[in-house]
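Structure below is model19.cif: mmCIF, C-alpha atoms.
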```cif
data_target
#
loop_
_atom_site.group_PDB
_atom_site.id
_atom_site.type_symbol
_atom_site.label_atom_id
_atom_site.label_comp_id
_atom_site.auth_asym_id
_atom_site.auth_seq_id
_atom_site.Cartn_x
_atom_site.Cartn_y
_atom_site.Cartn_z
ATOM 1 C CA MET X 1229 105.144 117.393 90.284
ATOM 2 C CA VAL X 1230 105.370 117.438 86.470
ATOM 3 C CA ARG X 1231 102.671 120.132 86.301
ATOM 4 C CA LYS X 1232 104.591 122.215 88.841
ATOM 5 C CA ILE X 1233 107.805 121.959 86.797
ATOM 6 C CA PHE X 1234 106.059 123.033 83.582
ATOM 7 C CA ASP X 1235 104.204 125.879 85.340
ATOM 8 C CA MET X 1236 107.404 127.197 86.886
ATOM 9 C CA TYR X 1237 109.237 127.033 83.549
ATOM 10 C CA VAL X 1238 106.467 128.697 81.553
ATOM 11 C CA ASN X 1239 106.205 131.458 84.175
ATOM 12 C CA GLY X 1240 109.870 132.400 83.729
ATOM 13 C CA THR X 1241 111.766 130.212 86.192
ATOM 14 C CA GLY X 1242 114.925 128.724 84.702
ATOM 15 C CA SER X 1243 115.864 125.068 84.928
ATOM 16 C CA LYS X 1244 118.600 125.710 87.519
ATOM 17 C CA LEU X 1245 116.166 127.478 89.853
ATOM 18 C CA ILE X 1246 113.646 124.673 89.384
ATOM 19 C CA VAL X 1247 116.373 122.182 90.357
ATOM 20 C CA GLU X 1248 117.141 124.208 93.486
ATOM 21 C CA TYR X 1249 113.449 124.329 94.427
ATOM 22 C CA LEU X 1250 113.019 120.566 93.984
ATOM 23 C CA ASN X 1251 116.186 119.707 95.919
ATOM 24 C CA ILE X 1252 115.452 122.144 98.774
ATOM 25 C CA ASN X 1253 111.944 120.714 99.172
ATOM 26 C CA HIS X 1254 113.328 117.138 99.104
ATOM 27 C CA TYR X 1255 111.485 115.953 95.990
ATOM 28 C CA LEU X 1256 113.101 112.800 94.685
ATOM 29 C CA SER X 1257 114.398 112.705 91.132
ATOM 30 C CA PRO X 1258 112.832 110.210 88.692
ATOM 31 C CA SER X 1259 115.530 107.641 89.457
ATOM 32 C CA GLY X 1260 114.930 108.092 93.183
ATOM 33 C CA TYR X 1261 111.196 107.682 92.675
ATOM 34 C CA ARG X 1262 111.737 104.454 90.705
ATOM 35 C CA LYS X 1263 113.928 103.029 93.456
ATOM 36 C CA THR X 1264 111.881 104.092 96.487
ATOM 37 C CA GLY X 1265 108.323 104.618 95.203
ATOM 38 C CA ILE X 1266 107.887 107.905 97.092
ATOM 39 C CA VAL X 1267 107.737 111.436 95.708
ATOM 40 C CA GLN X 1268 108.885 113.601 98.594
ATOM 41 C CA ASN X 1269 111.403 112.424 101.155
ATOM 42 C CA GLU X 1270 112.316 114.113 104.413
ATOM 43 C CA ASN X 1271 115.067 111.545 105.137
ATOM 44 C CA LYS X 1272 117.311 113.315 102.622
ATOM 45 C CA ILE X 1273 118.157 110.289 100.493
ATOM 46 C CA ASN X 1274 120.679 111.373 97.847
ATOM 47 C CA TYR X 1275 118.566 111.326 94.690
ATOM 48 C CA PHE X 1276 119.022 114.889 93.560
ATOM 49 C CA TRP X 1277 117.647 116.646 90.499
ATOM 50 C CA ASN X 1278 119.829 118.221 87.819
ATOM 51 C CA ALA X 1279 119.190 120.665 84.978
ATOM 52 C CA THR X 1280 119.565 117.979 82.297
ATOM 53 C CA THR X 1281 116.703 115.985 83.794
ATOM 54 C CA ILE X 1282 114.486 119.080 83.798
ATOM 55 C CA CYS X 1283 115.343 119.890 80.161
ATOM 56 C CA ASP X 1284 114.656 116.300 79.116
ATOM 57 C CA MET X 1285 111.285 116.418 80.883
ATOM 58 C CA LEU X 1286 110.362 119.689 79.194
ATOM 59 C CA LYS X 1287 111.005 118.152 75.745
ATOM 60 C CA ASN X 1288 109.281 114.817 76.425
ATOM 61 C CA GLU X 1289 105.973 114.430 74.560
ATOM 62 C CA VAL X 1290 104.820 111.661 76.902
ATOM 63 C CA TYR X 1291 103.418 114.369 79.198
ATOM 64 C CA ILE X 1292 100.940 115.526 76.516
ATOM 65 C CA GLY X 1293 99.719 112.000 75.776
ATOM 66 C CA ASN X 1294 101.942 111.156 72.799
ATOM 67 C CA THR X 1295 104.182 108.155 72.317
ATOM 68 C CA VAL X 1296 107.368 108.673 70.301
ATOM 69 C CA GLN X 1297 109.393 105.695 69.121
ATOM 70 C CA ASN X 1298 112.363 105.044 66.822
ATOM 71 C CA LYS X 1299 114.490 107.792 68.398
ATOM 72 C CA VAL X 1300 117.632 105.656 68.197
ATOM 73 C CA SER X 1301 118.659 102.705 66.080
ATOM 74 C CA VAL X 1302 121.317 100.024 66.378
ATOM 75 C CA VAL X 1303 124.149 100.235 63.860
ATOM 76 C CA SER X 1304 123.988 96.450 63.343
ATOM 77 C CA TYR X 1305 123.194 93.410 65.412
ATOM 78 C CA LYS X 1306 126.933 92.771 65.805
ATOM 79 C CA VAL X 1307 127.802 96.307 66.880
ATOM 80 C CA LYS X 1308 126.018 97.505 70.000
ATOM 81 C CA LYS X 1309 126.437 101.198 69.188
ATOM 82 C CA LEU X 1310 123.321 103.342 68.981
ATOM 83 C CA ARG X 1311 122.836 106.325 66.731
ATOM 84 C CA LYS X 1312 120.192 109.018 66.828
ATOM 85 C CA VAL X 1313 117.484 108.939 64.191
ATOM 86 C CA GLU X 1314 116.389 112.197 62.534
ATOM 87 C CA LYS X 1315 113.183 113.715 63.949
ATOM 88 C CA GLU X 1316 111.422 113.255 60.610
ATOM 89 C CA ARG X 1317 111.819 109.471 60.910
ATOM 90 C CA HIS X 1318 110.502 109.189 64.491
ATOM 91 C CA ILE X 1319 107.281 107.241 64.894
ATOM 92 C CA ARG X 1320 104.840 109.533 66.703
ATOM 93 C CA VAL X 1321 101.420 108.343 67.858
ATOM 94 C CA GLU X 1322 99.207 110.994 69.420
ATOM 95 C CA ASN X 1323 96.709 110.546 72.249
ATOM 96 C CA THR X 1324 97.895 107.094 73.326
ATOM 97 C CA HIS X 1325 97.246 107.878 76.987
ATOM 98 C CA GLU X 1326 95.855 110.593 79.248
ATOM 99 C CA ALA X 1327 97.836 113.826 79.108
ATOM 100 C CA ILE X 1328 99.341 115.302 82.266
ATOM 101 C CA ILE X 1329 100.189 118.644 80.668
ATOM 102 C CA ASP X 1330 97.994 120.770 78.417
ATOM 103 C CA LYS X 1331 99.338 120.945 74.843
ATOM 104 C CA GLY X 1332 99.312 124.747 74.958
ATOM 105 C CA ILE X 1333 101.586 124.802 77.998
ATOM 106 C CA PHE X 1334 103.855 122.204 76.391
ATOM 107 C CA GLU X 1335 104.166 124.230 73.171
ATOM 108 C CA LYS X 1336 104.859 127.400 75.159
ATOM 109 C CA ALA X 1337 107.632 125.575 77.043
ATOM 110 C CA GLN X 1338 109.132 124.467 73.704
ATOM 111 C CA VAL X 1339 109.191 128.056 72.427
ATOM 112 C CA ILE X 1340 110.819 129.297 75.636
ATOM 113 C CA HIS X 1341 113.363 126.478 75.569
ATOM 114 C CA LYS X 1342 114.266 127.247 71.953
ATOM 115 C CA GLU X 1343 114.769 130.941 72.789
ATOM 116 C CA ARG X 1344 116.931 130.170 75.819
ATOM 117 C CA ALA X 1345 119.034 127.451 74.175
ATOM 118 C CA LYS X 1346 122.694 128.354 73.951
ATOM 119 C CA LYS X 1347 124.160 128.622 70.517
ATOM 120 C CA VAL X 1348 127.366 126.599 70.313
ATOM 121 C CA VAL X 1349 130.085 128.636 68.670
ATOM 122 C CA LYS X 1350 133.429 127.133 67.772
ATOM 123 C CA GLN X 1351 136.058 128.761 69.894
ATOM 124 C CA TYR X 1352 138.826 127.970 67.436
ATOM 125 C CA ASP X 1353 138.773 127.308 63.720
ATOM 126 C CA TYR X 1354 141.917 125.273 63.181
ATOM 127 C CA LEU X 1355 143.794 125.947 59.962
ATOM 128 C CA LEU X 1356 144.484 122.290 59.102
ATOM 129 C CA ARG X 1357 141.134 120.840 60.204
ATOM 130 C CA GLY X 1358 140.161 117.978 57.900
ATOM 131 C CA MET X 1359 143.529 117.877 56.184
ATOM 132 C CA ILE X 1360 145.737 116.052 58.704
ATOM 133 C CA TYR X 1361 144.888 112.664 60.195
ATOM 134 C CA CYS X 1362 146.651 110.300 62.554
ATOM 135 C CA LYS X 1363 147.793 106.975 61.084
ATOM 136 C CA HIS X 1364 144.938 104.964 62.626
ATOM 137 C CA CYS X 1365 142.219 107.378 61.500
ATOM 138 C CA TRP X 1366 143.718 107.580 58.027
ATOM 139 C CA LEU X 1367 143.823 103.793 57.646
ATOM 140 C CA ALA X 1368 140.242 103.467 58.889
ATOM 141 C CA ASN X 1369 138.973 106.211 56.570
ATOM 142 C CA ALA X 1370 141.363 105.915 53.629
ATOM 143 C CA ASP X 1371 138.583 105.593 51.044
ATOM 144 C CA CYS X 1372 136.738 108.618 52.443
ATOM 145 C CA ILE X 1373 139.876 110.765 52.479
ATOM 146 C CA LYS X 1374 140.864 109.859 48.907
ATOM 147 C CA SER X 1375 137.413 110.727 47.585
ATOM 148 C CA LYS X 1376 137.675 114.273 48.978
#
```

Take the structure I supplied and represent it as structure tokens, if you would.
Amino acid sequence: MVRKIFDMYVNGTGSKLIVEYLNINHYLSPSGYRKTGIVQNENKINYFWNATTICDMLKNEVYIGNTVQNKVSVVSYKVKKLRKVEKERHIRVENTHEAIIDKGIFEKAQVIHKERAKKVVKQYDYLLRGMIYCKHCWLANADCIKSK
């Protein structure tokens, strides 16, 4: 199934059309597969695919045999919040297992994804952005605000 998704994407099919194809043909999403252990289901169990899952799969290096760790870190042991770690600090080990996808196809998918990615443009540029704070934010960040 992973090969089919990459082949469709590299051959010009968008993630939304891939989602439609997978849902119409009753392929279970990864969460559905984990829960049931089957790939294709004619009983129409509600484990549908979505475009985010497809995009995450297309960016995941596991399919070319790499293991990537240290993507997120914990702020502290007391605070359970996670924060993303910069790509330069990820721990990447190549060829840790057998690849499902050829590296050439994976790289081509990355180029296509980068070309298709939407550029986020601010709709409004507020005049007083960064100058006015609510009382709670100001008290929490008083040192940061004074240093500006």

Q) When you draw a straight line from CA of Thr1264 (chain X) to CA of Val1290 (chain X), how long is it in Å? A)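 Interatomic distance here is 22.2 Å.
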
Q: One decimal, Å: what's the distance from CA of His1318 (chain X) over to CA of Ile1246 (chain X), could you say?
A: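 Result for CA of His1318 (chain X) versus CA of Ile1246 (chain X): 29.5 Å, one decimal.
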
For Val1300 (chain X), please output as a PDB file with C-alpha atoms, in the coordinates of the input all residues within 10 Å (counting all atoms listed in the file; exclusion window: fewer than 3 positions along the same chain).
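Written out: around_35.pdb:
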```pdb
ATOM      1  CA  GLN X1297     109.393 105.695  69.121  1.00  0.00           C
ATOM      2  CA  VAL X1303     124.149 100.235  63.860  1.00  0.00           C
ATOM      3  CA  LYS X1309     126.437 101.198  69.188  1.00  0.00           C
ATOM      4  CA  LEU X1310     123.321 103.342  68.981  1.00  0.00           C
ATOM      5  CA  ARG X1311     122.836 106.325  66.731  1.00  0.00           C
ATOM      6  CA  LYS X1312     120.192 109.018  66.828  1.00  0.00           C
ATOM      7  CA  VAL X1313     117.484 108.939  64.191  1.00  0.00           C
ATOM      8  CA  GLU X1314     116.389 112.197  62.534  1.00  0.00           C
ATOM      9  CA  HIS X1318     110.502 109.189  64.491  1.00  0.00           C
TER      10      HIS X1318
END
```

**Q.** d(CA of Met1285 (chain X), CA of Asn1253 (chain X)) in Å
**A.** 18.8 Å

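The nearest approach to Arg1317 (chain X) among the residues X:Ile1233, X:Ala1279, X:Val1296, X:Val1302, with only C-alpha atoms taken into account, belongs to X:Val1296.
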
Q. Taking all atoms listed in the file into account, which of X:Val1307, X:Met1359, X:Leu1286, X:Ile1329 comes nearest Lys1342 (chain X)?
A.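 Of the candidates, the smallest distance to Lys1342 (chain X) is held by X:Leu1286.
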
So that I can see what lies close to region 1344-1346 of chain X, please list as an mmCIF file with C-alpha atoms, in the coordinates of the input the residues with an atom at most 12 Å from it, counting all atoms listed in the file and leaving out residues fewer than 5 positions away in the same chain.
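After the write, result00.cif holds the following:
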```cif
data_model
loop_
_atom_site.group_PDB
_atom_site.id
_atom_site.type_symbol
_atom_site.label_atom_id
_atom_site.label_comp_id
_atom_site.auth_asym_id
_atom_site.auth_seq_id
_atom_site.Cartn_x
_atom_site.Cartn_y
_atom_site.Cartn_z
ATOM 1 C CA TYR X 1237 109.237 127.033 83.549
ATOM 2 C CA GLY X 1240 109.870 132.400 83.729
ATOM 3 C CA THR X 1241 111.766 130.212 86.192
ATOM 4 C CA GLY X 1242 114.925 128.724 84.702
ATOM 5 C CA SER X 1243 115.864 125.068 84.928
ATOM 6 C CA CYS X 1283 115.343 119.890 80.161
ATOM 7 C CA ALA X 1337 107.632 125.575 77.043
ATOM 8 C CA GLN X 1338 109.132 124.467 73.704
ATOM 9 C CA VAL X 1339 109.191 128.056 72.427
#
```

Q.
Let me make sure I understand: among X:Val1321, X:Ile1292, X:Leu1256, X:Met1236, which one has the smallest atom-to-atom distance to Phe1276 (chain X) if we use all atoms listed in the file?
A.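 Closest candidate: X:Leu1256.
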
Q: Check the smallest atom-to-atom distance from each of X:Met1229, X:Gly1260, X:Trp1277, X:Lys1331 to Glu1248 (chain X) using all atoms listed in the file, then report the winner.
A: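 The closest residue to Glu1248 (chain X) is X:Trp1277.
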
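Closest approach to Gly1332 (chain X) from the set X:Leu1356, X:Cys1362, X:Val1238, X:Val1230 is made by X:Val1238, with distances taken over all atoms listed in the file.
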
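Closest approach to Lys1263 (chain X) from the set X:Lys1232, X:Asn1251, X:Tyr1275, X:Glu1335 is made by X:Tyr1275, with distances taken over only C-alpha atoms.
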
**Q.** Protein and nucleic acid residues near (97.0, 115.1, 77.7) (cut-off 12 Å, only C-alpha atoms) as a PyMOL selection string
**A.** chain X and resi 1231+1289-1295+1322-1334
